$ cat model12.tsv   # TSV, C-alpha atoms and all ligand atoms
chain	number	residue	atom	x	y	z
T	1	MET	CA	-97.35	-80.94	114.71
T	2	THR	CA	-96.93	-78.53	111.79
T	3	TYR	CA	-99.93	-76.53	110.62
T	4	LYS	CA	-100.26	-75.89	106.91
T	5	ILE	CA	-101.34	-72.30	106.44
T	6	ALA	CA	-102.42	-70.08	103.54
T	7	VAL	CA	-102.34	-66.28	103.63
T	8	VAL	CA	-105.31	-64.56	102.02
T	9	GLY	CA	-104.90	-60.92	100.92
T	10	LEU	CA	-101.25	-60.37	100.02
T	11	GLY	CA	-101.08	-56.67	100.82
T	12	LYS	CA	-99.01	-54.53	103.18
T	13	ILE	CA	-99.54	-56.35	106.47
T	14	ALA	CA	-99.25	-59.80	104.88
T	15	HIS	CA	-95.81	-58.87	103.48
T	16	ASP	CA	-94.63	-56.75	106.44
T	17	GLN	CA	-95.61	-59.18	109.20
T	18	HIS	CA	-97.56	-62.37	108.45
T	19	LEU	CA	-95.25	-63.97	105.90
T	20	PRO	CA	-92.04	-63.22	107.90
T	21	SER	CA	-93.63	-64.41	111.18
T	22	ILE	CA	-94.87	-67.64	109.59
T	23	ALA	CA	-91.40	-68.20	108.09
T	24	LYS	CA	-89.84	-67.82	111.56
T	25	ASN	CA	-92.25	-70.20	113.32
T	26	PRO	CA	-91.55	-73.91	112.72
T	27	THR	CA	-95.09	-74.78	113.86
T	28	PHE	CA	-96.41	-73.30	110.61
T	29	GLN	CA	-95.72	-74.11	106.99
T	30	LEU	CA	-96.83	-71.64	104.34
T	31	VAL	CA	-98.44	-73.70	101.58
T	32	ALA	CA	-100.43	-71.16	99.54
T	33	GLY	CA	-101.34	-67.53	98.97
T	34	VAL	CA	-104.53	-65.87	97.74
T	35	SER	CA	-104.51	-62.51	95.97
T	36	ARG	CA	-106.23	-61.05	92.96
T	37	ASN	CA	-103.12	-59.12	91.95
T	38	SER	CA	-99.93	-60.61	93.33
T	39	LYS	CA	-98.00	-63.85	93.60
T	40	LEU	CA	-95.42	-65.36	95.96
T	41	ASP	CA	-92.15	-66.95	94.79
T	42	ASN	CA	-92.25	-70.75	94.84
T	43	ILE	CA	-95.61	-70.95	96.63
T	44	PRO	CA	-98.86	-71.84	94.83
T	45	CYS	CA	-101.06	-68.75	94.58
T	46	PHE	CA	-104.75	-68.40	93.70
T	47	GLU	CA	-106.80	-65.39	92.71
T	48	THR	CA	-109.68	-66.40	94.97
T	49	LEU	CA	-110.33	-68.45	98.08
T	50	GLU	CA	-112.60	-70.66	95.97
T	51	GLY	CA	-109.63	-71.41	93.72
T	52	LEU	CA	-107.58	-72.45	96.74
T	53	ILE	CA	-110.37	-74.68	98.08
T	54	GLU	CA	-110.92	-76.30	94.68
T	55	SER	CA	-107.18	-77.00	94.34
T	56	LYS	CA	-107.53	-79.54	97.19
T	57	ILE	CA	-104.15	-78.48	98.60
T	58	ALA	CA	-104.07	-79.71	102.20
T	59	ILE	CA	-104.67	-76.71	104.46
T	60	ASP	CA	-105.17	-76.52	108.22
T	61	ALA	CA	-105.67	-72.78	108.58
T	62	VAL	CA	-105.91	-69.48	106.73
T	63	ALA	CA	-104.86	-66.00	107.83
T	64	LEU	CA	-107.30	-63.45	106.42
T	65	CYS	CA	-105.34	-60.25	105.74
T	66	THR	CA	-107.96	-58.63	103.52
T	67	PRO	CA	-109.85	-55.50	104.59
T	68	PRO	CA	-112.58	-56.11	107.23
T	69	SER	CA	-115.51	-55.48	104.88
T	70	VAL	CA	-114.94	-58.74	102.97
T	71	ARG	CA	-113.95	-60.99	105.88
T	72	LEU	CA	-117.26	-62.54	106.96
T	73	ALA	CA	-118.02	-64.25	103.65
T	74	MET	CA	-114.38	-65.33	103.35
T	75	ALA	CA	-114.30	-66.67	106.91
T	76	ARG	CA	-117.51	-68.65	106.32
T	77	GLN	CA	-116.10	-70.06	103.07
T	78	ALA	CA	-112.86	-71.05	104.82
T	79	LEU	CA	-114.73	-72.61	107.76
T	80	ASP	CA	-116.99	-74.52	105.32
T	81	ALA	CA	-113.82	-75.90	103.73
T	82	GLY	CA	-112.70	-77.14	107.16
T	83	TYR	CA	-109.98	-74.54	107.75
T	84	HIS	CA	-109.27	-72.82	111.05
T	85	VAL	CA	-109.25	-69.02	110.67
T	86	LEU	CA	-107.05	-66.17	111.92
T	87	ILE	CA	-108.34	-62.69	111.12
T	88	GLU	CA	-106.53	-59.35	111.14
T	89	LYS	CA	-107.91	-56.44	113.11
T	90	PRO	CA	-110.43	-54.80	112.91
T	91	PRO	CA	-112.21	-58.16	112.72
T	92	THR	CA	-115.37	-57.10	110.86
T	93	PRO	CA	-117.06	-53.81	109.91
T	94	THR	CA	-119.93	-54.37	112.38
T	95	ILE	CA	-120.60	-56.17	115.66
T	96	GLY	CA	-123.38	-58.13	113.95
T	97	GLU	CA	-120.93	-59.65	111.48
T	98	MET	CA	-118.50	-60.50	114.23
T	99	PHE	CA	-121.14	-62.38	116.24
T	100	ASP	CA	-122.13	-64.23	113.08
T	101	MET	CA	-118.52	-65.24	112.45
T	102	ILE	CA	-118.05	-66.39	116.06
T	103	ASP	CA	-121.24	-68.49	115.94
T	104	TYR	CA	-120.35	-69.91	112.54
T	105	ALA	CA	-116.89	-71.02	113.69
T	106	LYS	CA	-118.42	-72.59	116.79
T	107	ALA	CA	-121.01	-74.46	114.73
T	108	LYS	CA	-118.26	-75.75	112.46
T	109	GLY	CA	-116.09	-76.78	115.42
T	110	LYS	CA	-113.15	-74.72	114.14
T	111	VAL	CA	-110.79	-72.23	115.77
T	112	LEU	CA	-111.47	-68.54	115.11
T	113	TYR	CA	-108.74	-66.18	116.26
T	114	ALA	CA	-109.43	-62.46	116.07
T	115	ALA	CA	-105.89	-61.15	116.52
T	116	TRP	CA	-105.38	-57.76	118.18
T	117	HIS	CA	-101.69	-57.25	117.43
T	118	SER	CA	-101.11	-54.25	119.73
T	119	ARG	CA	-101.98	-56.36	122.76
T	120	TYR	CA	-98.88	-58.50	122.26
T	121	ASN	CA	-96.23	-56.54	124.11
T	122	GLN	CA	-94.61	-57.40	127.44
T	123	ALA	CA	-95.13	-53.81	128.63
T	124	VAL	CA	-98.87	-54.15	127.97
T	125	ASP	CA	-99.00	-57.33	130.08
T	126	GLU	CA	-97.09	-55.61	132.88
T	127	ALA	CA	-99.42	-52.58	132.73
T	128	LYS	CA	-102.41	-54.92	133.08
T	129	HIS	CA	-100.80	-56.57	136.09
T	130	LEU	CA	-100.04	-53.22	137.77
T	131	LEU	CA	-103.57	-51.88	137.18
T	132	ASP	CA	-105.31	-54.95	138.52
T	133	GLY	CA	-107.82	-53.91	141.20
T	134	LYS	CA	-107.07	-50.16	140.85
T	135	ASP	CA	-109.58	-47.34	140.52
T	136	ILE	CA	-108.78	-45.36	137.35
T	137	SER	CA	-109.14	-41.57	137.61
T	138	THR	CA	-107.54	-40.53	134.30
T	139	LEU	CA	-107.09	-42.14	130.91
T	140	LYS	CA	-105.54	-40.17	128.07
T	141	VAL	CA	-105.00	-41.99	124.79
T	142	THR	CA	-103.04	-40.12	122.11
T	143	TRP	CA	-102.84	-42.07	118.87
T	144	ARG	CA	-101.59	-39.79	116.11
T	145	GLU	CA	-99.99	-41.08	112.95
T	146	ASP	CA	-99.44	-40.32	109.29
T	147	VAL	CA	-102.01	-42.08	107.12
T	148	ARG	CA	-99.83	-41.62	104.03
T	149	ARG	CA	-97.04	-43.62	105.67
T	150	TRP	CA	-99.13	-46.55	106.95
T	151	HIS	CA	-101.84	-46.82	104.30
T	152	PRO	CA	-100.27	-45.67	101.03
T	153	ASN	CA	-102.79	-45.70	98.17
T	154	GLN	CA	-105.33	-47.74	100.14
T	155	GLU	CA	-108.79	-46.67	99.08
T	156	TRP	CA	-110.72	-49.16	101.24
T	157	ILE	CA	-109.83	-47.29	104.46
T	158	TRP	CA	-111.78	-44.27	103.21
T	159	GLU	CA	-114.89	-46.27	102.25
T	160	PRO	CA	-117.74	-47.22	104.63
T	161	GLY	CA	-116.56	-50.20	106.67
T	162	GLY	CA	-112.93	-49.11	106.21
T	163	PHE	CA	-112.81	-47.50	109.69
T	164	GLY	CA	-110.73	-44.43	108.73
T	165	VAL	CA	-108.66	-43.27	111.72
T	166	PHE	CA	-110.39	-45.93	113.83
T	167	ASP	CA	-108.31	-48.51	111.94
T	168	PRO	CA	-105.25	-47.51	114.03
T	169	GLY	CA	-107.43	-46.17	116.86
T	170	ILE	CA	-108.87	-49.62	117.49
T	171	ASN	CA	-105.32	-50.78	118.26
T	172	ALA	CA	-105.22	-48.34	121.18
T	173	LEU	CA	-108.66	-49.51	122.30
T	174	SER	CA	-107.50	-53.14	122.12
T	175	ILE	CA	-104.77	-52.25	124.65
T	176	VAL	CA	-107.14	-50.20	126.83
T	177	THR	CA	-109.72	-52.99	126.99
T	178	LYS	CA	-106.98	-55.47	127.89
T	179	ILE	CA	-105.31	-53.49	130.69
T	180	LEU	CA	-108.12	-51.58	132.44
T	181	PRO	CA	-109.50	-53.42	135.45
T	182	GLU	CA	-113.10	-52.57	134.54
T	183	PRO	CA	-114.93	-51.71	131.31
T	184	ILE	CA	-115.35	-48.15	130.08
T	185	TYR	CA	-118.10	-46.82	127.83
T	186	VAL	CA	-118.28	-44.06	125.23
T	187	GLU	CA	-119.85	-40.88	126.60
T	188	SER	CA	-119.45	-38.65	123.55
T	189	ALA	CA	-117.26	-38.21	120.48
T	190	ILE	CA	-116.44	-35.70	117.78
T	191	ILE	CA	-115.68	-37.42	114.52
T	192	GLU	CA	-113.86	-35.39	111.87
T	193	VAL	CA	-114.53	-36.56	108.31
T	194	PRO	CA	-112.83	-35.03	105.23
T	195	ASN	CA	-115.43	-33.58	102.90
T	196	ASN	CA	-114.29	-35.93	100.08
T	197	LYS	CA	-114.19	-39.16	102.13
T	198	ALA	CA	-116.64	-41.46	103.93
T	199	THR	CA	-114.57	-42.32	107.02
T	200	PRO	CA	-112.97	-40.20	109.78
T	201	ILE	CA	-109.50	-38.66	109.70
T	202	ALA	CA	-109.62	-37.71	113.38
T	203	ALA	CA	-111.74	-38.28	116.48
T	204	GLN	CA	-111.87	-36.96	120.02
T	205	ILE	CA	-113.64	-39.31	122.39
T	206	LYS	CA	-114.80	-39.03	125.99
T	207	PHE	CA	-115.39	-42.22	127.97
T	208	LYS	CA	-117.14	-42.88	131.26
T	209	HIS	CA	-117.26	-45.53	133.96
T	210	ALA	CA	-120.42	-47.62	134.18
T	211	ASP	CA	-121.45	-46.03	137.51
T	212	GLY	CA	-120.83	-42.48	136.23
T	213	ARG	CA	-118.29	-41.63	138.99
T	214	LYS	CA	-116.03	-38.65	138.40
T	215	SER	CA	-113.11	-39.38	136.07
T	216	ASP	CA	-111.30	-37.93	133.07
T	217	LEU	CA	-111.18	-40.58	130.35
T	218	SER	CA	-110.40	-39.58	126.76
T	219	ALA	CA	-108.85	-40.56	123.43
T	220	ASP	CA	-107.47	-38.42	120.64
T	221	PHE	CA	-107.01	-40.15	117.28
T	222	ASP	CA	-105.50	-38.27	114.35
T	223	TRP	CA	-104.21	-39.39	110.97
T	224	ARG	CA	-102.63	-36.05	110.02
T	225	GLN	CA	-99.45	-36.29	112.10
T	226	THR	CA	-96.25	-36.14	110.09
T	227	GLY	CA	-92.76	-36.65	111.55
T	228	GLU	CA	-92.55	-38.59	114.78
T	229	GLN	CA	-95.61	-40.74	115.40
T	230	THR	CA	-97.39	-40.77	118.77
T	231	TRP	CA	-98.95	-43.93	120.15
T	232	GLU	CA	-99.33	-43.24	123.87
T	233	ILE	CA	-101.65	-44.24	126.71
T	234	GLU	CA	-101.43	-42.35	130.02
T	235	ILE	CA	-103.30	-43.64	133.06
T	236	ALA	CA	-103.60	-42.29	136.61
T	237	THR	CA	-105.14	-44.19	139.50
T	238	VAL	CA	-106.99	-42.79	142.52
T	239	ASP	CA	-104.23	-44.09	144.83
T	240	GLY	CA	-101.56	-42.07	142.98
T	241	MET	CA	-99.96	-44.31	140.37
T	242	ASN	CA	-99.11	-42.70	137.02
T	243	LEU	CA	-98.51	-45.17	134.25
T	244	THR	CA	-97.62	-44.44	130.61
T	245	LEU	CA	-97.36	-46.86	127.71
T	246	LYS	CA	-95.34	-45.33	124.86
T	247	LYS	CA	-94.49	-46.31	121.30
T	248	GLY	CA	-97.56	-48.45	120.78
T	249	GLY	CA	-97.20	-50.35	124.05
T	250	THR	CA	-93.51	-51.30	123.93
T	251	ILE	CA	-92.32	-48.93	126.68
T	252	LEU	CA	-93.80	-48.75	130.18
T	253	ILE	CA	-93.13	-45.80	132.48
T	254	VAL	CA	-94.44	-45.87	136.05
T	255	ASN	CA	-94.28	-42.74	138.23
T	256	GLY	CA	-91.66	-41.22	135.91
T	257	LYS	CA	-89.40	-44.29	135.77
T	258	THR	CA	-89.03	-46.53	132.70
T	259	ILE	CA	-89.62	-50.01	134.01
T	260	MET	CA	-89.86	-51.92	130.75
T	261	GLU	CA	-88.70	-51.47	127.18
T	262	ALA	CA	-89.15	-54.53	125.01
T	263	PRO	CA	-88.56	-55.05	121.29
T	264	MET	CA	-91.70	-55.23	119.14
T	265	GLU	CA	-92.57	-58.86	118.42
T	266	GLU	CA	-96.32	-58.58	118.06
T	267	TYR	CA	-96.81	-60.88	115.09
T	268	GLU	CA	-94.33	-63.48	116.35
T	269	MET	CA	-96.48	-63.61	119.50
T	270	ILE	CA	-99.69	-63.74	117.43
T	271	TYR	CA	-98.49	-66.88	115.65
T	272	ALA	CA	-97.33	-68.40	118.94
T	273	ARG	CA	-100.82	-67.76	120.31
T	274	PHE	CA	-102.47	-69.17	117.17
T	275	ALA	CA	-100.43	-72.35	117.56
T	276	GLU	CA	-101.65	-72.66	121.18
T	277	LEU	CA	-105.26	-72.17	120.08
T	278	LEU	CA	-104.95	-74.74	117.29
T	279	LYS	CA	-103.49	-77.22	119.74
T	280	SER	CA	-106.23	-76.71	122.31
T	281	GLY	CA	-109.09	-76.21	119.82
T	282	ALA	CA	-110.20	-72.99	121.57
T	283	SER	CA	-111.19	-69.76	119.82
T	284	ASP	CA	-110.10	-66.26	120.91
T	285	THR	CA	-112.54	-63.56	119.83
T	286	ASP	CA	-112.73	-60.47	122.02
T	287	VAL	CA	-115.35	-58.05	120.63
T	288	ARG	CA	-114.73	-55.19	123.13
T	289	PRO	CA	-112.43	-52.99	121.00
T	290	LEU	CA	-114.87	-53.22	118.08
T	291	GLN	CA	-117.81	-52.51	120.39
T	292	LEU	CA	-116.18	-49.24	121.54
T	293	VAL	CA	-115.55	-48.16	117.95
T	294	CYS	CA	-119.14	-48.95	116.97
T	295	ASP	CA	-120.33	-46.94	119.99
T	296	CYS	CA	-118.21	-43.96	118.86
T	297	PHE	CA	-120.02	-44.06	115.52
T	298	MET	CA	-123.38	-44.36	117.34
T	299	LEU	CA	-122.74	-41.43	119.69
T	300	GLY	CA	-120.31	-39.33	117.66
T	301	ARG	CA	-121.04	-35.84	116.43
T	302	PRO	CA	-119.75	-35.61	112.84
T	303	LYS	CA	-117.65	-32.62	111.80
T	304	LEU	CA	-116.76	-32.07	108.14
T	305	VAL	CA	-113.13	-30.99	107.63
T	306	GLU	CA	-111.01	-30.11	104.62
T	307	ALA	CA	-110.63	-32.62	101.80
T	308	PHE	CA	-107.88	-35.23	102.12
T	309	ILE	CA	-105.72	-35.52	99.00
T	310	ASP	CA	-103.48	-38.61	98.88
A	1	LIG	P1	-103.72	-53.68	101.87
A	1	LIG	O1	-102.27	-53.39	101.69
A	1	LIG	O2	-104.72	-52.89	101.09
A	1	LIG	O3	-103.92	-55.22	101.60
A	1	LIG	C1	-105.18	-55.83	101.63
A	1	LIG	C2	-105.18	-57.04	100.73
A	1	LIG	O4	-106.50	-57.55	100.65
A	1	LIG	C3	-104.70	-56.74	99.34
A	1	LIG	O5	-103.62	-57.62	99.10
A	1	LIG	C4	-105.85	-57.12	98.41
A	1	LIG	O6	-105.29	-58.10	97.56
A	1	LIG	C5	-106.87	-57.81	99.29
A	1	LIG	N1	-108.20	-57.25	99.04
A	1	LIG	C6	-108.56	-55.95	99.10
A	1	LIG	N2	-109.89	-55.83	98.81
A	1	LIG	C7	-110.32	-57.06	98.55
A	1	LIG	C8	-111.58	-57.58	98.17
A	1	LIG	N3	-112.63	-56.78	97.99
A	1	LIG	N4	-111.69	-58.90	97.97
A	1	LIG	C9	-110.62	-59.70	98.15
A	1	LIG	N5	-109.39	-59.27	98.49
A	1	LIG	C10	-109.26	-57.96	98.70
A	1	LIG	O7	-104.15	-53.53	103.40
A	1	LIG	P2	-103.27	-53.82	104.69
A	1	LIG	O8	-102.63	-52.57	105.16
A	1	LIG	O9	-102.42	-55.02	104.48
A	1	LIG	O10	-104.44	-54.10	105.73
A	1	LIG	C11	-105.15	-55.31	105.74
A	1	LIG	C12	-105.65	-55.53	107.16
A	1	LIG	O11	-104.51	-55.58	108.03
A	1	LIG	C13	-106.52	-54.38	107.67
A	1	LIG	O12	-107.58	-54.89	108.45
A	1	LIG	C14	-105.57	-53.55	108.52
A	1	LIG	O13	-106.22	-52.88	109.58
A	1	LIG	C15	-104.66	-54.64	109.08
A	1	LIG	N6	-103.35	-54.12	109.48
A	1	LIG	C16	-102.64	-53.27	108.66
A	1	LIG	C17	-101.44	-52.74	109.11
A	1	LIG	C18	-100.61	-51.80	108.25
A	1	LIG	O14	-99.54	-51.35	108.69
A	1	LIG	N7	-101.01	-51.46	107.04
A	1	LIG	C19	-100.96	-53.07	110.38
A	1	LIG	C20	-101.67	-53.98	111.16
A	1	LIG	C21	-102.88	-54.50	110.71
A	1	LIG	P3	-105.49	-58.14	96.01
A	1	LIG	O15	-105.98	-56.79	95.55
A	1	LIG	O16	-104.15	-58.48	95.50
A	1	LIG	O17	-106.48	-59.23	95.88

$ encode --input "model12.tsv" --output "structure tokens"
Amino acid sequence: MTYKIAVVGLGKIAHDQHLPSIAKNPTFQLVAGVSRNSKLDNIPCFETLEGLIESKIAIDAVALCTPPSVRLAMARQALDAGYHVLIEKPPTPTIGEMFDMIDYAKAKGKVLYAAWHSRYNQAVDEAKHLLDGKDISTLKVTWREDVRRWHPNQEWIWEPGGFGVFDPGINALSIVTKILPEPIYVESAIIEVPNNKATPIAAQIKFKHADGRKSDLSADFDWRQTGEQTWEIEIATVDGMNLTLKKGGTILIVNGKTIMEAPMEEYEMIYARFAELLKSGASDTDVRPLQLVCDCFMLGRPKLVEAFID
């Protein structure tokens, strides 16, 4: 079976990853694009989702690659039209909207796939396997990157609902929530916001275990890092294992030894997973990374820092 798919929001991630991954996967056929400002060669394109729906082009699924703040209404519109829906991360700007989207997809009997791309690495799967049943004593997430490199001229990331540094930070939390053997909760956070923007440029977060037992669990997100980028998760267990995921979850080091180094194929794996979900009719919608980010905003102490000039 081939699924006819349309990509909605033809921006950076659509061009960098979705369109190439769809082109590589014979289970999908790209049949349309939706963008207010750009077009694709030899593929019908529409300025709005309504335009696509009215065109009556046969569509099985859409991939929503727009910013999170506009996804709920778009997802509902797509589900009303009978399309299955894949959404980029972060899924929605609030937990409330995500629950609404999940319920709406269920009521319509359609697949909703909230894709967390950073989870799709072999080293991440192996880390989960190794940590199964372990007691975690230390977690140190360091997620520092250059906002100018990854979000050039994107204004939405600095607006409410745009997540700021939590846009990449949620990728780290999507890995953490996948690999840790038990849930963690936000204890406190400092959230640094430029005095000319609405969303954070950095955050330092402390987490805790549910039972409050002694541990050292933290995350450091920063969008001001130039040069080499750092996407690292270090974990120590009570029984003495030290595990580090480097380069966004592609390299796994255990007790000082590199045990896995796999090429990055996150979006190829996302489309393989989407094909599985479409075949089985199941949805995949984990809210935990978004819940942790929302809790940081609930518990975070804001700190105004110098203006960010693009
Ligand atoms: P982007 O380059 O700004 O692209 C977003 C697209 O959405 C644009 O093509 C824009 O299309 C459309 N759009 C923006 N506002 C809209 C609105 N109000 N109504 C309808 N369409 C709107 O952003 P991006 O970097 O691709 O990010 C999109 C999503 O992918 C985000 O959730 C982000 O976290 C995720 N993501 C990004 C990266 C990355 O490296 N940048 C990596 C992984 C995941 P038109 O203006 O042409 O309509």

$ residues_around --input "model12.tsv" --residues "region 56-72 of chain T" --least-positions-apart "3" --cutoff "9 Å" --atoms "all atoms listed in the file" --output "PyMOL selection string"
chain T and resi 3-14+18+31-32+52-53+75-78+82-94+97-98+100-101+111+156-157+160-163+278

$ residues_around --input "model12.tsv" --residues "Ser38 (chain T)" --least-positions-apart "2" --cutoff "10 Å" --atoms "all atoms listed in the file" --output "JSON, numbers by chain"
{"T": [9, 10, 11, 33, 34, 35, 36, 40, 45, 46, 47]}

$ atom_distance --input "model12.tsv" --atom1 "CA of Pro263 (chain T)" --atom2 "CA of Ser137 (chain T)"
29.5 Å

$ closest_residue --input "model12.tsv" --among "T:Leu299, T:Ala127, T:Met74, T:Leu19" --to "Ile251 (chain T)" --atoms "all atoms listed in the file"
T:Ala127

$ residues_around --input "model12.tsv" --residues "Ile201 (chain T)" --least-positions-apart "6" --cutoff "6 Å" --atoms "only C-alpha atoms" --output "list in words"
Gly164, Val165, Glu192, Val193 and Trp223 of chain T

$ residues_around --input "model12.tsv" --residues "region 300-310 of chain T" --least-positions-apart "2" --cutoff "8 Å" --atoms "only C-alpha atoms" --output "short mmCIF file (atom, residue, chain, number, x, y, z; two decimals) with C-alpha atoms, in the coordinates of the input"
data_model
loop_
_atom_site.label_atom_id
_atom_site.label_comp_id
_atom_site.auth_asym_id
_atom_site.auth_seq_id
_atom_site.Cartn_x
_atom_site.Cartn_y
_atom_site.Cartn_z
CA ARG T 148 -99.83 -41.62 104.03
CA ASN T 153 -102.79 -45.70 98.17
CA SER T 188 -119.45 -38.65 123.55
CA ALA T 189 -117.26 -38.21 120.48
CA ILE T 190 -116.44 -35.70 117.78
CA ILE T 191 -115.68 -37.42 114.52
CA GLU T 192 -113.86 -35.39 111.87
CA VAL T 193 -114.53 -36.56 108.31
CA PRO T 194 -112.83 -35.03 105.23
CA ASN T 195 -115.43 -33.58 102.90
CA ASN T 196 -114.29 -35.93 100.08
CA LYS T 197 -114.19 -39.16 102.13
CA ASP T 295 -120.33 -46.94 119.99
CA CYS T 296 -118.21 -43.96 118.86
CA PHE T 297 -120.02 -44.06 115.52
CA MET T 298 -123.38 -44.36 117.34
#

$ closest_residue --input "model12.tsv" --among "T:Asp216, T:Glu50, T:Glu228, T:Asp16" --to "ligand LIG 1 (chain A)" --atoms "only C-alpha atoms and all ligand atoms"
T:Asp16

$ atom_distance --input "model12.tsv" --atom1 "CA of Ser118 (chain T)" --atom2 "CA of Met241 (chain T)"
22.9 Å

$ closest_residue --input "model12.tsv" --among "T:Trp158, T:Phe221, T:Tyr113, T:Tyr120" --to "Val293 (chain T)" --atoms "all atoms listed in the file"
T:Phe221

$ atom_distance --input "model12.tsv" --atom1 "CA of Val186 (chain T)" --atom2 "CA of Phe207 (chain T)"
4.4 Å

$ closest_residue --input "model12.tsv" --among "T:Asn37, T:Thr237, T:Gln225, T:Thr199" --to "Asp132 (chain T)" --atoms "only C-alpha atoms"
T:Thr237

$ closest_residue --input "model12.tsv" --among "T:Ile95, T:Ala115, T:Ile136, T:Val176" --to "ligand LIG 1 (chain A)" --atoms "all atoms listed in the file"
T:Ala115

$ closest_residue --input "model12.tsv" --among "T:Thr48, T:Asn121, T:Gln204, T:Thr230" --to "ligand LIG 1 (chain A)" --atoms "all atoms listed in the file"
T:Thr48
